[in-house]
file model.pdb (PDB, N, CA and C atoms and all ligand atoms)
ATOM      1  N   MET A 993      14.474  20.479  11.655
ATOM      2  CA  MET A 993      13.214  20.897  11.029
ATOM      3  C   MET A 993      12.607  19.763  10.196
ATOM      4  N   ARG A 994      13.485  19.041   9.481
ATOM      5  CA  ARG A 994      13.012  17.958   8.625
ATOM      6  C   ARG A 994      12.157  16.955   9.417
ATOM      7  N   SER A 995      12.638  16.589  10.601
ATOM      8  CA  SER A 995      11.904  15.585  11.373
ATOM      9  C   SER A 995      10.545  16.125  11.835
ATOM     10  N   ASN A 996      10.484  17.424  12.051
ATOM     11  CA  ASN A 996       9.208  18.044  12.401
ATOM     12  C   ASN A 996       8.211  17.960  11.253
ATOM     13  N   ILE A 997       8.730  18.174  10.053
ATOM     14  CA  ILE A 997       7.845  18.106   8.885
ATOM     15  C   ILE A 997       7.404  16.658   8.660
ATOM     16  N   VAL A 998       8.333  15.739   8.845
ATOM     17  CA  VAL A 998       7.968  14.320   8.702
ATOM     18  C   VAL A 998       6.823  14.002   9.664
ATOM     19  N   LYS A 999       6.970  14.493  10.910
ATOM     20  CA  LYS A 999       5.957  14.210  11.931
ATOM     21  C   LYS A 999       4.612  14.864  11.579
ATOM     22  N   ASN A1000       4.654  16.136  11.205
ATOM     23  CA  ASN A1000       3.407  16.886  11.000
ATOM     24  C   ASN A1000       2.794  16.737   9.618
ATOM     25  N   LEU A1001       3.629  16.449   8.659
ATOM     26  CA  LEU A1001       3.108  16.322   7.289
ATOM     27  C   LEU A1001       2.964  14.845   6.906
ATOM     28  N   CYS A1002       4.087  14.160   6.833
ATOM     29  CA  CYS A1002       4.064  12.797   6.294
ATOM     30  C   CYS A1002       3.240  11.847   7.161
ATOM     31  N   LYS A1003       3.554  11.828   8.458
ATOM     32  CA  LYS A1003       2.852  10.881   9.339
ATOM     33  C   LYS A1003       1.375  11.205   9.421
ATOM     34  N   LYS A1004       1.048  12.475   9.379
ATOM     35  CA  LYS A1004      -0.331  12.904   9.589
ATOM     36  C   LYS A1004      -1.163  12.891   8.309
ATOM     37  N   HIS A1005      -0.544  13.248   7.197
ATOM     38  CA  HIS A1005      -1.321  13.476   5.980
ATOM     39  C   HIS A1005      -1.063  12.494   4.846
ATOM     40  N   CYS A1006       0.015  11.724   4.944
ATOM     41  CA  CYS A1006       0.388  10.972   3.742
ATOM     42  C   CYS A1006       0.175   9.475   3.874
ATOM     43  N   LYS A1007      -0.579   8.942   2.946
ATOM     44  CA  LYS A1007      -0.885   7.518   2.930
ATOM     45  C   LYS A1007       0.357   6.696   2.574
ATOM     46  N   TYR A1008       1.308   7.337   1.925
ATOM     47  CA  TYR A1008       2.485   6.622   1.444
ATOM     48  C   TYR A1008       3.648   6.645   2.426
ATOM     49  N   TYR A1009       3.451   7.275   3.567
ATOM     50  CA  TYR A1009       4.550   7.406   4.528
ATOM     51  C   TYR A1009       4.986   6.059   5.077
ATOM     52  N   LYS A1010       6.299   5.854   5.039
ATOM     53  CA  LYS A1010       6.862   4.636   5.649
ATOM     54  C   LYS A1010       8.000   5.078   6.556
ATOM     55  N   PRO A1011       7.962   4.719   7.844
ATOM     56  CA  PRO A1011       8.991   5.171   8.778
ATOM     57  C   PRO A1011      10.405   4.868   8.298
ATOM     58  N   SER A1012      10.591   3.740   7.625
ATOM     59  CA  SER A1012      11.936   3.347   7.191
ATOM     60  C   SER A1012      12.475   4.279   6.116
ATOM     61  N   LYS A1013      11.577   5.073   5.524
ATOM     62  CA  LYS A1013      12.008   5.924   4.403
ATOM     63  C   LYS A1013      12.303   7.359   4.820
ATOM     64  N   ASP A1014      12.351   7.607   6.128
ATOM     65  CA  ASP A1014      12.567   8.968   6.619
ATOM     66  C   ASP A1014      13.745   9.681   5.957
ATOM     67  N   ASN A1015      14.810   8.947   5.730
ATOM     68  CA  ASN A1015      16.012   9.602   5.222
ATOM     69  C   ASN A1015      16.183   9.462   3.715
ATOM     70  N   GLU A1016      15.188   8.898   3.084
ATOM     71  CA  GLU A1016      15.305   8.738   1.643
ATOM     72  C   GLU A1016      14.824   9.992   0.926
ATOM     73  N   LEU A1017      14.973   9.958  -0.362
ATOM     74  CA  LEU A1017      14.562  11.064  -1.206
ATOM     75  C   LEU A1017      13.107  11.473  -0.924
ATOM     76  N   ALA A1018      12.897  12.760  -0.720
ATOM     77  CA  ALA A1018      11.537  13.229  -0.436
ATOM     78  C   ALA A1018      10.827  13.593  -1.727
ATOM     79  N   CYS A1019       9.502  13.522  -1.685
ATOM     80  CA  CYS A1019       8.732  13.915  -2.867
ATOM     81  C   CYS A1019       8.703  15.440  -2.970
ATOM     82  N   LYS A1020       8.225  15.905  -4.102
ATOM     83  CA  LYS A1020       8.216  17.349  -4.355
ATOM     84  C   LYS A1020       7.302  18.091  -3.374
ATOM     85  N   GLY A1021       6.194  17.448  -3.018
ATOM     86  CA  GLY A1021       5.297  18.090  -2.053
ATOM     87  C   GLY A1021       6.018  18.396  -0.755
ATOM     88  N   PHE A1022       6.827  17.466  -0.317
ATOM     89  CA  PHE A1022       7.608  17.643   0.916
ATOM     90  C   PHE A1022       8.607  18.784   0.756
ATOM     91  N   THR A1023       9.368  18.766  -0.330
ATOM     92  CA  THR A1023      10.423  19.784  -0.477
ATOM     93  C   THR A1023       9.830  21.179  -0.641
ATOM     94  N   VAL A1024       8.667  21.284  -1.294
ATOM     95  CA  VAL A1024       8.030  22.608  -1.429
ATOM     96  C   VAL A1024       7.632  23.123  -0.046
ATOM     97  N   ILE A1025       7.033  22.271   0.751
ATOM     98  CA  ILE A1025       6.619  22.699   2.092
ATOM     99  C   ILE A1025       7.841  23.039   2.952
ATOM    100  N   GLU A1026       8.873  22.241   2.840
ATOM    101  CA  GLU A1026      10.102  22.513   3.583
ATOM    102  C   GLU A1026      10.654  23.900   3.210
ATOM    103  N   LYS A1027      10.650  24.211   1.917
ATOM    104  CA  LYS A1027      11.177  25.509   1.472
ATOM    105  C   LYS A1027      10.262  26.661   1.882
ATOM    106  N   LEU A1028       8.962  26.448   1.818
ATOM    107  CA  LEU A1028       8.031  27.515   2.245
ATOM    108  C   LEU A1028       8.313  27.878   3.701
ATOM    109  N   ILE A1029       8.527  26.857   4.517
ATOM    110  CA  ILE A1029       8.793  27.103   5.945
ATOM    111  C   ILE A1029      10.150  27.794   6.113
ATOM    112  N   LYS A1030      11.143  27.323   5.378
ATOM    113  CA  LYS A1030      12.470  27.961   5.430
ATOM    114  C   LYS A1030      12.397  29.420   5.035
ATOM    115  N   ASN A1031      11.483  29.723   4.088
ATOM    116  CA  ASN A1031      11.330  31.102   3.619
ATOM    117  C   ASN A1031      10.443  31.936   4.548
ATOM    118  N   GLY A1032      10.066  31.341   5.676
ATOM    119  CA  GLY A1032       9.350  32.114   6.688
ATOM    120  C   GLY A1032       7.838  32.059   6.617
ATOM    121  N   ARG A1033       7.288  31.193   5.728
ATOM    122  CA  ARG A1033       5.822  31.091   5.656
ATOM    123  C   ARG A1033       5.311  30.272   6.831
ATOM    124  N   LYS A1034       4.227  30.729   7.403
ATOM    125  CA  LYS A1034       3.603  29.979   8.495
ATOM    126  C   LYS A1034       2.666  28.943   7.872
ATOM    127  N   ILE A1035       2.967  27.692   8.099
ATOM    128  CA  ILE A1035       2.156  26.628   7.513
ATOM    129  C   ILE A1035       1.407  25.893   8.618
ATOM    130  N   SER A1036       0.093  25.811   8.459
ATOM    131  CA  SER A1036      -0.694  25.054   9.431
ATOM    132  C   SER A1036      -0.834  23.625   8.916
ATOM    133  N   PHE A1037      -0.581  22.680   9.782
ATOM    134  CA  PHE A1037      -0.664  21.277   9.372
ATOM    135  C   PHE A1037      -2.004  20.645   9.756
ATOM    136  N   ASN A1038      -2.994  21.504  10.040
ATOM    137  CA  ASN A1038      -4.303  20.967  10.413
ATOM    138  C   ASN A1038      -4.901  20.152   9.271
ATOM    139  N   LYS A1039      -5.583  19.105   9.650
ATOM    140  CA  LYS A1039      -6.251  18.284   8.644
ATOM    141  C   LYS A1039      -7.540  18.930   8.209
ATOM    142  N   SER A1040      -7.903  18.740   6.960
ATOM    143  CA  SER A1040      -9.181  19.263   6.482
ATOM    144  C   SER A1040      -9.976  18.109   5.910
ATOM    145  N   GLU A1041     -11.251  18.127   6.159
ATOM    146  CA  GLU A1041     -12.103  17.065   5.621
ATOM    147  C   GLU A1041     -12.437  17.334   4.150
ATOM    148  N   LYS A1042     -12.229  18.592   3.748
ATOM    149  CA  LYS A1042     -12.586  18.975   2.374
ATOM    150  C   LYS A1042     -11.652  18.316   1.363
ATOM    151  N   LYS A1043     -12.176  18.098   0.175
ATOM    152  CA  LYS A1043     -11.330  17.601  -0.906
ATOM    153  C   LYS A1043     -10.686  18.792  -1.594
ATOM    154  N   VAL A1044      -9.481  18.611  -2.073
ATOM    155  CA  VAL A1044      -8.818  19.673  -2.842
ATOM    156  C   VAL A1044      -9.626  19.877  -4.126
ATOM    157  N   SER A1045      -9.889  21.136  -4.498
ATOM    158  CA  SER A1045     -10.725  21.394  -5.674
ATOM    159  C   SER A1045     -10.038  20.863  -6.935
ATOM    160  N   ALA A1046     -10.863  20.541  -7.930
ATOM    161  CA  ALA A1046     -10.341  19.957  -9.168
ATOM    162  C   ALA A1046      -9.381  20.931  -9.861
ATOM    163  N   SER A1047      -9.706  22.215  -9.854
ATOM    164  CA  SER A1047      -8.844  23.171 -10.571
ATOM    165  C   SER A1047      -7.486  23.296  -9.866
ATOM    166  N   THR A1048      -7.500  23.283  -8.539
ATOM    167  CA  THR A1048      -6.236  23.329  -7.797
ATOM    168  C   THR A1048      -5.434  22.049  -8.035
ATOM    169  N   GLY A1049      -6.110  20.930  -8.046
ATOM    170  CA  GLY A1049      -5.441  19.652  -8.294
ATOM    171  C   GLY A1049      -4.721  19.678  -9.641
ATOM    172  N   LYS A1050      -5.399  20.206 -10.647
ATOM    173  CA  LYS A1050      -4.782  20.279 -11.994
ATOM    174  C   LYS A1050      -3.536  21.152 -11.965
ATOM    175  N   LYS A1051      -3.632  22.281 -11.263
ATOM    176  CA  LYS A1051      -2.480  23.190 -11.177
ATOM    177  C   LYS A1051      -1.307  22.484 -10.502
ATOM    178  N   LEU A1052      -1.607  21.758  -9.438
ATOM    179  CA  LEU A1052      -0.529  21.070  -8.709
ATOM    180  C   LEU A1052       0.111  19.976  -9.552
ATOM    181  N   ILE A1053      -0.706  19.250 -10.277
ATOM    182  CA  ILE A1053      -0.146  18.179 -11.120
ATOM    183  C   ILE A1053       0.757  18.804 -12.191
ATOM    184  N   GLY A1054       0.255  19.850 -12.844
ATOM    185  CA  GLY A1054       0.995  20.456 -13.954
ATOM    186  C   GLY A1054       2.235  21.221 -13.524
ATOM    187  N   ASN A1055       2.247  21.725 -12.308
ATOM    188  CA  ASN A1055       3.375  22.558 -11.875
ATOM    189  C   ASN A1055       4.272  21.916 -10.837
ATOM    190  N   MET A1056       3.757  20.962 -10.102
ATOM    191  CA  MET A1056       4.558  20.371  -9.034
ATOM    192  C   MET A1056       4.846  18.890  -9.283
ATOM    193  N   CYS A1057       3.803  18.109  -9.495
ATOM    194  CA  CYS A1057       4.014  16.667  -9.648
ATOM    195  C   CYS A1057       4.962  16.368 -10.809
ATOM    196  N   VAL A1058       4.853  17.121 -11.895
ATOM    197  CA  VAL A1058       5.715  16.853 -13.052
ATOM    198  C   VAL A1058       7.195  17.000 -12.695
ATOM    199  N   ALA A1059       7.483  17.743 -11.627
ATOM    200  CA  ALA A1059       8.877  17.934 -11.214
ATOM    201  C   ALA A1059       9.256  17.013 -10.055
ATOM    202  N   CYS A1060       8.390  16.075  -9.724
ATOM    203  CA  CYS A1060       8.617  15.195  -8.563
ATOM    204  C   CYS A1060       9.362  13.931  -9.001
ATOM    205  N   SER A1061      10.297  13.487  -8.176
ATOM    206  CA  SER A1061      11.079  12.277  -8.503
ATOM    207  C   SER A1061      10.199  11.041  -8.617
ATOM    208  N   PHE A1062       9.023  11.087  -8.021
ATOM    209  CA  PHE A1062       8.150   9.905  -8.057
ATOM    210  C   PHE A1062       7.111   9.970  -9.171
ATOM    211  N   TYR A1063       7.145  11.055  -9.939
ATOM    212  CA  TYR A1063       6.089  11.259 -10.940
ATOM    213  C   TYR A1063       6.061  10.154 -11.994
ATOM    214  N   GLU A1064       7.242   9.826 -12.523
ATOM    215  CA  GLU A1064       7.302   8.836 -13.610
ATOM    216  C   GLU A1064       7.088   7.427 -13.080
ATOM    217  N   ASP A1065       7.595   7.191 -11.880
ATOM    218  CA  ASP A1065       7.568   5.830 -11.360
ATOM    219  C   ASP A1065       7.612   5.902  -9.837
ATOM    220  N   GLY A1066       6.512   5.589  -9.201
ATOM    221  CA  GLY A1066       6.561   5.585  -7.742
ATOM    222  C   GLY A1066       5.405   6.298  -7.086
ATOM    223  N   CYS A1067       4.548   6.936  -7.867
ATOM    224  CA  CYS A1067       3.389   7.593  -7.263
ATOM    225  C   CYS A1067       2.116   7.042  -7.908
ATOM    226  N   ASP A1068       1.343   6.325  -7.127
ATOM    227  CA  ASP A1068       0.106   5.723  -7.656
ATOM    228  C   ASP A1068      -0.860   6.786  -8.130
ATOM    229  N   PHE A1069      -0.857   7.938  -7.444
ATOM    230  CA  PHE A1069      -1.750   9.027  -7.831
ATOM    231  C   PHE A1069      -1.356   9.562  -9.210
ATOM    232  N   ALA A1070      -0.070   9.813  -9.396
ATOM    233  CA  ALA A1070       0.403  10.330 -10.688
ATOM    234  C   ALA A1070       0.176   9.294 -11.791
ATOM    235  N   ALA A1071       0.248   8.016 -11.421
ATOM    236  CA  ALA A1071       0.014   6.954 -12.395
ATOM    237  C   ALA A1071      -1.476   6.734 -12.633
ATOM    238  N   GLU A1072      -2.288   7.553 -11.953
ATOM    239  CA  GLU A1072      -3.750   7.505 -12.081
ATOM    240  C   GLU A1072      -4.318   6.135 -11.736
ATOM    241  N   LYS A1073      -3.718   5.493 -10.738
ATOM    242  CA  LYS A1073      -4.281   4.216 -10.272
ATOM    243  C   LYS A1073      -5.613   4.499  -9.596
ATOM    244  N   LYS A1074      -6.563   3.660  -9.854
ATOM    245  CA  LYS A1074      -7.913   3.893  -9.357
ATOM    246  C   LYS A1074      -7.935   4.077  -7.833
ATOM    247  N   GLY A1075      -8.494   5.176  -7.386
ATOM    248  CA  GLY A1075      -8.677   5.416  -5.962
ATOM    249  C   GLY A1075      -7.414   5.851  -5.223
ATOM    250  N   ALA A1076      -6.280   5.954  -5.913
ATOM    251  CA  ALA A1076      -5.034   6.318  -5.217
ATOM    252  C   ALA A1076      -5.037   7.807  -4.871
ATOM    253  N   PRO A1077      -4.847   8.139  -3.603
ATOM    254  CA  PRO A1077      -4.829   9.561  -3.236
ATOM    255  C   PRO A1077      -3.466  10.178  -3.539
ATOM    256  N   PRO A1078      -3.396  11.507  -3.613
ATOM    257  CA  PRO A1078      -2.090  12.145  -3.751
ATOM    258  C   PRO A1078      -1.320  12.042  -2.439
ATOM    259  N   CYS A1079      -0.070  12.457  -2.454
ATOM    260  CA  CYS A1079       0.744  12.428  -1.226
ATOM    261  C   CYS A1079       0.271  13.518  -0.263
ATOM    262  N   GLY A1080       0.786  13.467   0.958
ATOM    263  CA  GLY A1080       0.384  14.430   1.985
ATOM    264  C   GLY A1080       0.726  15.866   1.614
ATOM    265  N   GLY A1081       1.869  16.047   0.974
ATOM    266  CA  GLY A1081       2.284  17.393   0.571
ATOM    267  C   GLY A1081       1.309  17.993  -0.428
ATOM    268  N   PHE A1082       0.883  17.183  -1.367
ATOM    269  CA  PHE A1082      -0.091  17.625  -2.381
ATOM    270  C   PHE A1082      -1.383  18.041  -1.688
ATOM    271  N   ILE A1083      -1.848  17.230  -0.750
ATOM    272  CA  ILE A1083      -3.117  17.521  -0.070
ATOM    273  C   ILE A1083      -3.001  18.819   0.727
ATOM    274  N   LEU A1084      -1.921  18.947   1.489
ATOM    275  CA  LEU A1084      -1.758  20.143   2.314
ATOM    276  C   LEU A1084      -1.617  21.396   1.436
ATOM    277  N   LEU A1085      -0.787  21.308   0.410
ATOM    278  CA  LEU A1085      -0.608  22.462  -0.485
ATOM    279  C   LEU A1085      -1.920  22.773  -1.207
ATOM    280  N   GLY A1086      -2.671  21.747  -1.545
ATOM    281  CA  GLY A1086      -3.972  21.951  -2.195
ATOM    282  C   GLY A1086      -4.902  22.762  -1.307
ATOM    283  N   HIS A1087      -4.916  22.446  -0.030
ATOM    284  CA  HIS A1087      -5.774  23.198   0.889
ATOM    285  C   HIS A1087      -5.263  24.631   1.077
ATOM    286  N   LEU A1088      -3.952  24.786   1.090
ATOM    287  CA  LEU A1088      -3.393  26.148   1.221
ATOM    288  C   LEU A1088      -3.728  26.976  -0.024
ATOM    289  N   LEU A1089      -3.709  26.330  -1.182
ATOM    290  CA  LEU A1089      -4.069  27.043  -2.421
ATOM    291  C   LEU A1089      -5.558  27.363  -2.436
ATOM    292  N   ASP A1090      -6.363  26.371  -2.106
ATOM    293  CA  ASP A1090      -7.820  26.602  -2.089
ATOM    294  C   ASP A1090      -8.184  27.696  -1.081
ATOM    295  N   GLY A1091      -7.446  27.756   0.017
ATOM    296  CA  GLY A1091      -7.717  28.769   1.046
ATOM    297  C   GLY A1091      -7.050  30.109   0.748
ATOM    298  N   LYS A1092      -6.402  30.193  -0.415
ATOM    299  CA  LYS A1092      -5.703  31.419  -0.859
ATOM    300  C   LYS A1092      -4.622  31.877   0.141
ATOM    301  N   ILE A1093      -4.048  30.915   0.817
ATOM    302  CA  ILE A1093      -2.959  31.225   1.754
ATOM    303  C   ILE A1093      -1.639  31.297   0.976
ATOM    304  N   ILE A1094      -1.553  30.491  -0.061
ATOM    305  CA  ILE A1094      -0.421  30.585  -0.981
ATOM    306  C   ILE A1094      -0.982  30.610  -2.407
ATOM    307  N   THR A1095      -0.126  30.947  -3.364
ATOM    308  CA  THR A1095      -0.541  30.912  -4.770
ATOM    309  C   THR A1095       0.323  29.885  -5.497
ATOM    310  N   ILE A1096      -0.111  29.529  -6.676
ATOM    311  CA  ILE A1096       0.667  28.550  -7.441
ATOM    312  C   ILE A1096       2.048  29.136  -7.790
ATOM    313  N   ASP A1097       2.123  30.457  -7.933
ATOM    314  CA  ASP A1097       3.427  31.092  -8.198
ATOM    315  C   ASP A1097       4.386  30.901  -7.024
ATOM    316  N   ASP A1098       3.857  30.870  -5.802
ATOM    317  CA  ASP A1098       4.717  30.608  -4.639
ATOM    318  C   ASP A1098       5.390  29.244  -4.788
ATOM    319  N   ILE A1099       4.669  28.307  -5.384
ATOM    320  CA  ILE A1099       5.217  26.955  -5.555
ATOM    321  C   ILE A1099       6.172  26.913  -6.749
ATOM    322  N   VAL A1100       5.733  27.499  -7.852
ATOM    323  CA  VAL A1100       6.544  27.468  -9.077
ATOM    324  C   VAL A1100       7.879  28.195  -8.865
ATOM    325  N   ASN A1101       7.834  29.311  -8.166
ATOM    326  CA  ASN A1101       9.052  30.139  -8.030
ATOM    327  C   ASN A1101       9.844  29.874  -6.752
ATOM    328  N   ILE A1102       9.547  28.780  -6.085
ATOM    329  CA  ILE A1102      10.207  28.542  -4.805
ATOM    330  C   ILE A1102      11.687  28.177  -4.982
ATOM    331  N   HIS A1103      12.515  28.728  -4.101
ATOM    332  CA  HIS A1103      13.955  28.411  -4.158
ATOM    333  C   HIS A1103      14.436  27.962  -2.806
TER     334      HIS A1103
HETATM  335  S1  LIG B   1       1.236  13.467  -5.586
HETATM  336 FE1  LIG B   1       2.860  12.026  -6.234
HETATM  337  S2  LIG B   1       3.903  13.030  -7.990
HETATM  338 FE2  LIG B   1       2.710  14.622  -6.858
HETATM  339  S3  LIG B   1       4.192  15.535  -5.424
HETATM  340 FE3  LIG B   1       3.095  13.885  -4.329
HETATM  341  S4  LIG B   1       4.396  12.026  -4.591
HETATM  342 FE4  LIG B   1       5.050  13.558  -6.099
END
call {"tool": "encode", "arguments": {"input": "model.pdb", "output": "structure tokens"}}
result
Amino acid sequence: MRSNIVKNLCKKHCKYYKPSKDNELACKGFTVIEKLIKNGRKISFNKSEKKVSASTGKKLIGNMCVACSFYEDGCDFAAEKKGAPPCGGFILLGHLLDGKIITIDDIVNIH
């Protein structure tokens, strides 16, 4: 399943994806999506041209990014580098939240 998510999420949606890092520590966006799928949620990996809304972005930063291994050091978006996009997991989850397919509680309470 992991390799499927790498293919559909990381390769397709994430600017930070590096093939050599497939087996390294995954970001929180990845692990949340992996768990949602394990818990039986149907996740569409379709790309959206829309930007994630500002309010959803804030929720994701406050509830997900803060728990990500790359938050302190390793994510240009979290470091607020100019023009740096979030990771693919953040973008996909942002669209799922904006589309009311999942709620922020689904992310916060995920096991
Ligand atoms: S945007 Fe950065 S800090 Fe947030 S989940 Fe993705 S990699 Fe982690």
call {"tool": "residues_near_ligand", "arguments": {"input": "model.pdb", "ligand": "ligand LIG 1 (chain B)", "cutoff": "6.5 Å", "atoms": "only N, CA and C atoms and all ligand atoms", "output": "list in words"}}
result
Cys1019, Lys1020, Gly1021, Phe1022, Ile1053, Met1056, Cys1057, Val1058, Cys1060, Ser1061, Phe1062, Tyr1063, Glu1064, Gly1066, Cys1067, Asp1068, Phe1069, Ala1070, Pro1077, Pro1078, Cys1079, Gly1080, Gly1081 and Phe1082 of chain A
call {"tool": "atom_distance", "arguments": {"input": "model.pdb", "atom1": "CA of Leu1052 (chain A)", "atom2": "CA of Ile1094 (chain A)"}}
result
12.3 Å
call {"tool": "atom_distance", "arguments": {"input": "model.pdb", "atom1": "CA of Asp1098 (chain A)", "atom2": "CA of Arg994 (chain A)"}}
result
20.1 Å
call {"tool": "closest_residue", "arguments": {"input": "model.pdb", "among": "A:Lys1004, A:Pro1011, A:Gly1075, A:Asn1055", "to": "Ile1099 (chain A)", "atoms": "all atoms listed in the file"}}
result
A:Asn1055
call {"tool": "atom_distance", "arguments": {"input": "model.pdb", "atom1": "CA of Gly1091 (chain A)", "atom2": "CA of His1005 (chain A)"}}
result
17.3 Å
call {"tool": "resolve_selection", "arguments": {"input": "model.pdb", "expression": "the PyMOL selection byres (((chain A and resi 1084 and name CA) around 10) and not hetatm and name CA)", "output": "MDAnalysis selection string"}}
result
chainID A and resid 1001 1005:1006 1021:1022 1025 1035:1040 1044 1079:1083 1085:1090
call {"tool": "select_by_dssp", "arguments": {"input": "model.pdb", "residues": "chain A", "states": "alpha helix (DSSP H)", "output": "PyMOL selection string"}}
result
chain A and resi 994-997+1003-1005+1020-1030+1046-1055+1080-1090+1096-1100
call {"tool": "residues_around", "arguments": {"input": "model.pdb", "residues": "Asn1031 (chain A)", "least_positions_apart": "2", "cutoff": "12 Å", "atoms": "only C-alpha atoms", "output": "list in words"}}
result
Val1024, Ile1025, Glu1026, Lys1027, Leu1028, Ile1029, Arg1033, Lys1034, Ile1035, Asp1098, Ile1099, Asn1101, Ile1102 and His1103 of chain A
call {"tool": "axis_aligned_box", "arguments": {"input": "model.pdb", "around": "region 1035-1048 of chain A", "padding_each_side": "8 Å", "output": "lines of an AutoDock Vina configuration file"}}
result
center_x = -4.8
center_y = 22.4
center_z = -0.1
size_x = 31.6
size_y = 26.6
size_z = 37.0
